[in-house]
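One file, protein_11.cif, carrying mmCIF, C-alpha atoms:
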```cif
data_entry
loop_
_atom_site.label_atom_id
_atom_site.label_comp_id
_atom_site.auth_asym_id
_atom_site.auth_seq_id
_atom_site.Cartn_x
_atom_site.Cartn_y
_atom_site.Cartn_z
CA MET K 1 0.00 0.00 0.00
CA LYS K 2 2.80 2.38 1.01
CA ILE K 3 4.83 1.47 -2.07
CA LYS K 4 1.78 2.12 -4.22
CA ALA K 5 1.32 5.54 -2.62
CA PHE K 6 5.01 6.26 -3.10
CA PHE K 7 4.88 5.47 -6.80
CA LEU K 8 1.73 7.51 -7.21
CA LEU K 9 3.45 10.47 -5.56
CA ALA K 10 6.62 9.93 -7.63
CA SER K 11 4.56 9.77 -10.83
CA ALA K 12 2.70 12.93 -9.88
CA LEU K 13 5.99 14.70 -9.18
CA LEU K 14 7.40 13.54 -12.51
CA ILE K 15 4.36 14.79 -14.40
CA VAL K 16 4.39 18.15 -12.63
CA GLY K 17 8.18 18.43 -12.86
CA SER K 18 8.21 17.74 -16.59
CA GLY K 19 6.34 21.02 -17.08
CA CYS K 20 9.45 22.96 -16.04
CA THR K 21 12.05 23.83 -18.59
CA ASN K 22 14.97 26.17 -19.12
CA VAL K 23 14.69 28.59 -22.00
CA LYS K 24 18.07 28.74 -23.67
CA PRO K 25 19.45 32.12 -24.71
CA TRP K 26 18.92 31.31 -28.40
CA GLN K 27 15.29 30.30 -27.81
CA ARG K 28 14.11 33.65 -26.48
CA GLU K 29 12.70 34.93 -29.72
CA HIS K 30 9.12 35.05 -28.44
CA LEU K 31 10.10 36.34 -24.99
CA ALA K 32 12.01 39.17 -26.66
CA ASP K 33 8.96 40.25 -28.63
CA TYR K 34 7.64 43.75 -27.93
CA THR K 35 4.23 42.36 -26.99
CA MET K 36 5.84 40.51 -24.07
CA ARG K 37 6.85 43.77 -22.40
CA ALA K 38 4.87 44.64 -19.30
CA ASP K 39 5.22 48.36 -20.08
CA ARG K 40 4.26 48.18 -23.76
CA ASP K 41 1.09 50.22 -23.17
CA PRO K 42 1.87 53.55 -21.42
CA LEU K 43 -1.83 54.39 -20.91
CA GLY K 44 -2.55 50.98 -19.41
CA THR K 45 0.46 51.31 -17.13
CA ALA K 46 -0.67 54.76 -15.98
CA GLN K 47 -4.17 53.42 -15.23
CA ALA K 48 -2.77 50.48 -13.29
CA GLU K 49 -0.52 52.83 -11.36
CA HIS K 50 -3.51 55.03 -10.51
CA ILE K 51 -5.57 52.06 -9.30
CA TRP K 52 -2.63 50.84 -7.26
CA PHE K 53 -2.13 54.28 -5.74
CA SER K 54 -5.86 54.71 -4.96
CA ARG K 55 -6.19 51.31 -3.39
CA GLU K 56 -2.94 51.04 -1.52
CA GLU K 57 -2.10 54.68 -0.82
CA ALA K 58 1.28 54.00 -2.29
CA SER K 59 2.90 54.71 -5.62
CA GLY K 60 5.90 53.30 -7.40
CA GLY K 61 7.66 50.06 -6.64
CA ARG K 62 5.43 48.06 -8.96
CA GLY K 63 6.96 45.21 -10.92
CA VAL K 64 10.53 44.04 -11.11
CA GLY K 65 13.29 44.27 -13.66
CA GLY K 66 14.27 41.40 -15.89
CA GLY K 67 12.66 39.39 -18.64
CA GLY K 68 13.17 40.21 -22.29
CA CYS K 69 15.65 38.71 -24.65
CA GLY K 70 18.40 38.05 -22.14
CA CYS K 71 20.85 39.71 -24.49
CA ASN K 72 24.22 40.90 -23.21
CA MET F 1 8.18 2.84 4.06
CA ASN F 2 10.74 0.88 2.13
CA THR F 3 13.81 3.02 2.86
CA SER F 4 16.17 1.27 0.47
CA LEU F 5 13.70 1.73 -2.37
CA LEU F 6 13.44 5.41 -1.53
CA LYS F 7 17.24 5.72 -1.49
CA LYS F 8 17.53 3.95 -4.84
CA PHE F 9 14.93 6.27 -6.31
CA ALA F 10 16.74 9.34 -4.94
CA VAL F 11 20.07 8.18 -6.38
CA ALA F 12 18.46 7.44 -9.75
CA ALA F 13 16.81 10.89 -9.79
CA LEU F 14 20.13 12.53 -8.89
CA LEU F 15 21.98 10.66 -11.64
CA ALA F 16 19.26 11.48 -14.16
CA GLY F 17 19.39 15.13 -13.14
CA THR F 18 23.16 15.20 -13.51
CA PHE F 19 22.95 13.54 -16.92
CA PHE F 20 20.30 15.88 -18.29
CA THR F 21 21.90 19.06 -16.99
CA ALA F 22 25.46 18.15 -18.02
CA GLN F 23 26.47 20.70 -20.63
CA ALA F 24 29.18 20.42 -23.21
CA ALA F 25 29.43 24.13 -23.96
CA LEU F 26 32.19 25.21 -26.32
CA LYS F 27 34.88 26.95 -24.31
CA VAL F 28 38.36 28.39 -24.67
CA GLY F 29 40.79 25.61 -25.59
CA ASP F 30 38.17 23.47 -27.37
CA THR F 31 38.25 22.80 -31.08
CA LEU F 32 35.30 23.86 -33.20
CA PRO F 33 33.48 20.76 -34.47
CA ASP F 34 33.25 20.11 -38.20
CA LEU F 35 30.68 22.62 -39.44
CA ALA F 36 29.73 20.46 -42.40
CA SER F 37 28.00 18.01 -40.08
CA PHE F 38 25.44 20.53 -38.80
CA ASN F 39 23.41 20.97 -41.95
CA LEU F 40 23.73 24.76 -41.87
CA GLU F 41 21.81 26.79 -44.44
CA GLY F 42 24.05 28.94 -46.61
CA LYS F 43 27.46 28.50 -48.11
CA LEU F 44 30.33 27.85 -45.75
CA PRO F 45 33.74 29.33 -46.62
CA ASP F 46 35.89 26.95 -48.69
CA THR F 47 38.54 26.71 -46.03
CA LEU F 48 39.02 27.98 -42.51
CA LYS F 49 42.39 26.36 -42.00
CA GLY F 50 45.21 28.80 -41.29
CA LYS F 51 42.82 31.71 -40.83
CA ILE F 52 41.53 33.47 -37.78
CA VAL F 53 37.83 32.76 -37.52
CA ILE F 54 35.17 34.58 -35.54
CA VAL F 55 32.07 32.42 -35.14
CA ASP F 56 29.31 34.75 -34.05
CA PHE F 57 25.92 33.47 -32.89
CA TRP F 58 23.19 36.03 -33.48
CA ALA F 59 19.46 36.49 -33.91
CA SER F 60 17.27 39.13 -35.55
CA TRP F 61 15.44 39.83 -32.26
CA CYS F 62 18.66 40.59 -30.40
CA ALA F 63 19.37 44.33 -30.22
CA PRO F 64 23.10 44.06 -29.33
CA CYS F 65 23.54 41.77 -32.36
CA ALA F 66 22.46 44.65 -34.60
CA LYS F 67 25.03 46.90 -32.91
CA SER F 68 27.77 44.31 -33.36
CA PHE F 69 27.28 43.91 -37.12
CA PRO F 70 28.95 47.16 -38.26
CA VAL F 71 31.96 46.37 -36.05
CA LEU F 72 32.26 42.83 -37.38
CA ASP F 73 31.93 44.17 -40.91
CA GLU F 74 34.68 46.69 -40.23
CA LEU F 75 36.94 43.91 -38.93
CA GLN F 76 36.23 41.74 -41.96
CA LYS F 77 37.19 44.60 -44.27
CA LYS F 78 40.31 45.45 -42.26
CA TYR F 79 41.69 41.90 -42.09
CA THR F 80 40.34 40.76 -45.45
CA ASP F 81 42.42 37.67 -46.22
CA ARG F 82 43.47 36.66 -42.74
CA LEU F 83 40.11 36.75 -40.98
CA VAL F 84 36.88 34.88 -41.65
CA ILE F 85 33.77 36.04 -39.86
CA LEU F 86 31.11 33.38 -39.81
CA ALA F 87 27.85 34.70 -38.41
CA VAL F 88 25.50 31.90 -37.42
CA ASN F 89 21.87 32.93 -37.30
CA VAL F 90 19.58 31.08 -34.89
CA ASP F 91 16.21 32.55 -35.88
CA GLU F 92 13.26 30.20 -36.09
CA LYS F 93 11.98 31.95 -39.21
CA LYS F 94 14.24 32.55 -42.16
CA SER F 95 12.18 35.60 -43.15
CA ASN F 96 13.14 37.35 -39.89
CA MET F 97 16.81 36.82 -40.68
CA GLU F 98 16.34 38.12 -44.22
CA LYS F 99 14.52 41.25 -43.03
CA PHE F 100 17.32 41.92 -40.55
CA LEU F 101 19.98 41.50 -43.24
CA GLN F 102 18.17 43.92 -45.53
CA LYS F 103 18.50 46.55 -42.80
CA HIS F 104 22.02 45.56 -41.77
CA ALA F 105 23.82 44.57 -44.95
CA VAL F 106 27.26 43.06 -44.29
CA SER F 107 30.13 41.61 -46.28
CA PHE F 108 30.95 38.62 -44.08
CA THR F 109 29.55 35.09 -44.30
CA ILE F 110 26.10 34.41 -42.90
CA VAL F 111 24.76 30.92 -42.36
CA ARG F 112 21.59 29.82 -40.61
CA ASP F 113 21.44 27.11 -38.00
CA ALA F 114 17.82 26.27 -38.82
CA GLU F 115 17.85 23.06 -36.81
CA GLN F 116 19.68 24.77 -33.92
CA LYS F 117 22.15 21.89 -33.77
CA LEU F 118 25.38 23.88 -33.80
CA VAL F 119 24.11 26.38 -31.26
CA ALA F 120 23.10 23.51 -28.98
CA VAL F 121 26.69 22.25 -29.10
CA ALA F 122 28.25 25.68 -28.60
CA GLU F 123 25.78 26.58 -25.82
CA PRO F 124 26.25 30.38 -25.88
CA GLN F 125 25.21 31.87 -22.56
CA THR F 126 23.84 35.05 -24.08
CA MET F 127 23.06 36.60 -27.44
CA PRO F 128 25.26 37.47 -29.20
CA THR F 129 28.17 35.24 -28.33
CA SER F 130 31.27 34.96 -30.46
CA PHE F 131 34.17 32.55 -30.45
CA VAL F 132 37.54 33.68 -31.79
CA LEU F 133 39.44 30.73 -33.26
CA ASP F 134 43.07 30.49 -34.27
CA GLY F 135 44.39 28.97 -37.50
CA THR F 136 44.05 25.43 -36.13
CA GLY F 137 40.37 25.85 -35.27
CA LYS F 138 40.95 26.09 -31.55
CA VAL F 139 38.84 28.53 -29.52
CA ARG F 140 41.20 31.16 -28.16
CA PHE F 141 38.81 33.87 -27.00
CA LEU F 142 35.15 34.07 -26.14
CA HIS F 143 32.86 37.10 -26.12
CA SER F 144 29.54 37.00 -24.27
CA GLY F 145 27.36 39.83 -25.48
CA PHE F 146 28.47 42.93 -27.34
CA HIS F 147 29.61 45.98 -25.39
CA GLY F 148 30.33 48.54 -28.10
CA GLU F 149 33.78 50.08 -28.26
CA ASP F 150 35.14 47.85 -25.49
CA THR F 151 34.34 44.70 -27.44
CA ARG F 152 35.68 46.25 -30.65
CA LYS F 153 39.03 46.99 -28.99
CA GLU F 154 39.15 43.47 -27.55
CA TYR F 155 38.53 41.95 -30.99
CA ILE F 156 41.33 44.01 -32.54
CA SER F 157 43.80 43.19 -29.77
CA GLU F 158 42.93 39.48 -29.97
CA ILE F 159 43.23 39.36 -33.75
CA GLU F 160 46.55 41.19 -33.62
CA SER F 161 47.86 38.77 -30.99
CA LEU F 162 46.86 35.79 -33.15
CA LEU F 163 48.50 37.30 -36.22
CA LYS F 164 51.88 37.53 -34.49
#
```
Will you turn the file into structure tokens for me?
Amino acid sequence: MKIKAFFLLASALLIVGSGCTNVKPWQREHLADYTMRADRDPLGTAQAEHIWFSREEASGGRGVGGGGCGCN
Amino acid sequence: MNTSLLKKFAVAALLAGTFFTAQAALKVGDTLPDLASFNLEGKLPDTLKGKIVIVDFWASWCAPCAKSFPVLDELQKKYTDRLVILAVNVDEKKSNMEKFLQKHAVSFTIVRDAEQKLVAVAEPQTMPTSFVLDGTGKVRFLHSGFHGEDTRKEYISEIESLLK
């Protein structure tokens, strides 16, 4: 029974784990696309900033750096 | 719980992990593999033997690659007979490469690694990455990324040192 449960857990981990992958530097074509940029829409960003400010009484500090083509 | 079974599984997982993450990236001191075996699109230079070769991996979506092209072109024109620049494109779509080349026309050799076999062997850590080879095909210098004038000066100093 325990062995069965162990193999079920191991199989589940394998299935979930197989969904993870490393994107190699030469495979970042789609990630480097302009449409993948979080700040591609200045108006949308300004609106989100305003909502954030109104709700949280705080401005700035949204988002993190990184992403993109990974060049250089 | 069967502890020995768990241990065996852990060891097997560790070995599998090691096997799948083991990388054979091309590094300084290695010899460039035979390019003819990678089914590259485009015409390879007749001979690389005895010449300094810069193998540059690039893509149309990579902004620093566009900045590096005029410098590489300048180097190719400066060291005409003694240097071969082989720019290996890794774009998924050929049309993207062609559009890029219409904007950034160059005189050096361009080939396309459509199956991404060569790039998988070289394992560049960033785009662009270039390998400077000596006359025997051995990697002598490696450039990760392109950093404008600094990289240009490095290329020139490396080429000059290999010409001595």
**Request:** Report the distance between atom CA of F:Thr151 and atom CA of F:Val84 in Å, rounded to one decimal place.
**Result:**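 That distance, rounded to one decimal, is 17.5 Å.
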**Message:** Using only C-alpha atoms, can you tell me which of K:Met1, K:Ala48, K:Ile15, K:Val23 comes closest to F:Glu123?
**Reply:**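 That would be K:Val23, the residue with the smallest distance to F:Glu123.
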**Request:** Could you tell me which residues the PyMOL selection byres ((chain F and resi 62) around 8) grabs in this file, written as an MDAnalysis selection string?
**Result:** (chainID K and resid 32 69 71) or (chainID F and resid 58:61 63:66 127:128)
Could you please take those selected residues and save C-alpha atoms as an mmCIF file, keeping the file's coordinate frame?
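And here is the file that came out, again_19.cif:
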```cif
data_model
loop_
_atom_site.group_PDB
_atom_site.id
_atom_site.type_symbol
_atom_site.label_atom_id
_atom_site.label_comp_id
_atom_site.auth_asym_id
_atom_site.auth_seq_id
_atom_site.Cartn_x
_atom_site.Cartn_y
_atom_site.Cartn_z
ATOM 1 C CA ALA K 32 12.010 39.170 -26.660
ATOM 2 C CA CYS K 69 15.650 38.710 -24.650
ATOM 3 C CA CYS K 71 20.850 39.710 -24.490
ATOM 4 C CA TRP F 58 23.190 36.030 -33.480
ATOM 5 C CA ALA F 59 19.460 36.490 -33.910
ATOM 6 C CA SER F 60 17.270 39.130 -35.550
ATOM 7 C CA TRP F 61 15.440 39.830 -32.260
ATOM 8 C CA ALA F 63 19.370 44.330 -30.220
ATOM 9 C CA PRO F 64 23.100 44.060 -29.330
ATOM 10 C CA CYS F 65 23.540 41.770 -32.360
ATOM 11 C CA ALA F 66 22.460 44.650 -34.600
ATOM 12 C CA MET F 127 23.060 36.600 -27.440
ATOM 13 C CA PRO F 128 25.260 37.470 -29.200
#
```
**Request:** Check what the PyMOL selection byres ((chain F and resi 156) around 12) selects in the file above and give those residues as a list in words.
**Result:**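 With the shown file as input, the PyMOL selection byres ((chain F and resi 156) around 12) matches Ile52, Ile54, Val71, Leu72, Glu74, Leu75, Gln76, Lys78, Tyr79, Leu83, Val132, Phe141, Glu149, Asp150, Thr151, Arg152, Lys153, Glu154, Tyr155, Ser157, Glu158, Ile159, Glu160, Ser161, Leu162 and Leu163 of chain F.
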Give one line per residue of chain K that approaches chain F to at most 8 Å, naming the two atoms of the closest pair and their distance in Å to one decimal, counting all atoms listed in the file; sort by chain then ascending residue number and deliver it as a Markdown table.
```
| residue | atom | partner | partner_atom | distance |
| --- | --- | --- | --- | --- |
| K:Lys2 | CA | F:Met1 | CA | 6.2 |
| K:Ile3 | CA | F:Met1 | CA | 7.1 |
| K:Lys24 | CA | F:Gln125 | CA | 7.9 |
| K:Pro25 | CA | F:Thr126 | CA | 5.3 |
| K:Trp26 | CA | F:Val90 | CA | 6.5 |
| K:Glu29 | CA | F:Trp61 | CA | 6.2 |
| K:Ala32 | CA | F:Trp61 | CA | 6.6 |
| K:Asp33 | CA | F:Trp61 | CA | 7.4 |
| K:Cys69 | CA | F:Cys62 | CA | 6.8 |
| K:Gly70 | CA | F:Thr126 | CA | 6.5 |
| K:Cys71 | CA | F:Met127 | CA | 4.8 |
| K:Asn72 | CA | F:Gly145 | CA | 4.0 |
```
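Atom pair atom CA of F:Leu86 / atom CA of F:Ile110: separated by 6.0 Å.
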**Message:** Can you spell out as a list of chain:residue names the set of residues that the PyMOL selection byres ((chain F and resi 140) around 9) selects in the structure I just provided?
**Reply:**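 Evaluating the PyMOL selection byres ((chain F and resi 140) around 9) on this file yields F:Lys27, F:Val28, F:Gly29, F:Asp30, F:Phe131, F:Val132, F:Leu133, F:Asp134, F:Gly137, F:Lys138, F:Val139, F:Phe141, F:Leu142, F:Glu158, F:Leu162.
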**Prompt:** So how many Å separate atom CA of F:Thr31 and atom CA of F:Thr136, to one decimal?
**Reply:**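 Computing the Euclidean distance for atom CA of F:Thr31 and atom CA of F:Thr136 yields 8.1 Å.
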**Message:** I'd like the neighbourhood of F:Lys117 as a VMD selection string, where a residue qualifies if any of its atoms comes within 9 Å (using all atoms listed in the file), though same-chain residues fewer than 6 positions away should be ignored.
**Reply:** chain F and resid 38 to 40
